[in-house]
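A.B. asks: Quick one: the structure is below, and I'll ask about it shortly.
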Amino acid sequence: MCLAVPGRVTEIAERDGTRMAVMDFGGVVKDVCLEYLPDLRVGEYAIVHVGFALQRLDEESARRTLDLFAELGLLQEEFGDPWEAARVAEEAGQ
């Protein structure tokens, strides 16, 4: 499943001519392209899908959504280690 997940911008830099950010998704840190939101700033939140920041989001909404995703286990599903998931699935099948 691919989710649009809210994240907080912690760093911004240009890489190979593309505006990129380091974003925190409730403790999971990923690189994200900011080309669709060129005015997004450090400390702001945005909804991210497949590595692209798509829409600015207020902090309260972002935190509520991240808490709900964590409660449902969706953050682990979205950002978890695929090799670990495959190993667990294999063990469950035996």
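Note on naming: chains are A, B, ... as they come in the structure tokens, residues start from 1 per chain, ligands start from 1 in the order shown.
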Wanna dump the segment 5-30 of chain A-segment 53-65 of chain A contacts at 9 Å for me, each residue with its shortest atom pair and the distance in Å to one decimal, counting only C-alpha atoms, ordered by chain and number, as a tab-separated table?

C.D. replies:
residue	atom	partner	partner_atom	distance
A:Val5	CA	A:Thr65	CA	8.1
A:Pro6	CA	A:Ala62	CA	5.4
A:Gly7	CA	A:Ala62	CA	7.1
A:Arg8	CA	A:Ala62	CA	8.4
A:Gly26	CA	A:Arg63	CA	8.3

A.B. asks: Hey, what's within 12 Å of Leu37 of chain A if we count only C-alpha atoms and toss same-chain stuff fewer than 5 positions away? As a list in words, please?

C.D. replies: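 The filter keeps Val9, Ile12, Thr18, Arg19, Met20, Ala21, Val32, Glu44, Tyr45, Ala46, Ile47, Val48, Phe52, Ala53, Leu54, Gln55, Arg56 and Leu57 of chain A.
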
A.B. asks: Could those residues be written to a file, using C-alpha atoms, as a short mmCIF file (atom, residue, chain, number, x, y, z; two decimals), in the first residue's frame?

C.D. replies:
data_model
loop_
_atom_site.label_atom_id
_atom_site.label_comp_id
_atom_site.auth_asym_id
_atom_site.auth_seq_id
_atom_site.Cartn_x
_atom_site.Cartn_y
_atom_site.Cartn_z
CA VAL A 9 10.88 19.47 6.94
CA ILE A 12 16.48 21.85 2.64
CA THR A 18 16.47 19.86 -7.68
CA ARG A 19 15.16 21.33 -4.43
CA MET A 20 15.19 18.50 -1.87
CA ALA A 21 14.34 18.19 1.82
CA VAL A 32 11.81 14.23 -0.38
CA GLU A 44 6.69 23.23 8.01
CA TYR A 45 4.68 20.08 7.33
CA ALA A 46 3.58 18.60 4.03
CA ILE A 47 1.84 15.51 2.76
CA VAL A 48 4.30 13.32 0.87
CA PHE A 52 7.25 14.13 -3.50
CA ALA A 53 5.86 16.80 -1.16
CA LEU A 54 2.40 17.50 -2.57
CA GLN A 55 0.51 19.74 -0.16
CA ARG A 56 1.34 21.93 2.84
CA LEU A 57 -0.33 20.81 6.07
#

A.B. asks: Suppose you want the space between atom CA of Ala13 of chain A and atom CA of Leu66 of chain A; what is it in Å?

C.D. replies: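 Taking atom CA of Ala13 of chain A and atom CA of Leu66 of chain A, their separation equals 24.7 Å.
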
A.B. asks: I'd like to know which of A:Ala92, A:Val28, A:Cys33, A:Leu74 is closest to Arg15 of chain A, using only C-alpha atoms.

C.D. replies: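 That would be A:Cys33, the residue with the smallest distance to Arg15 of chain A.
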
A.B. asks: Would you give me, as a PyMOL selection string, the residues in segment 31-82 of chain A that DSSP reads as strand (DSSP E)?

C.D. replies: chain A and resi 31-33+45-49+52-57
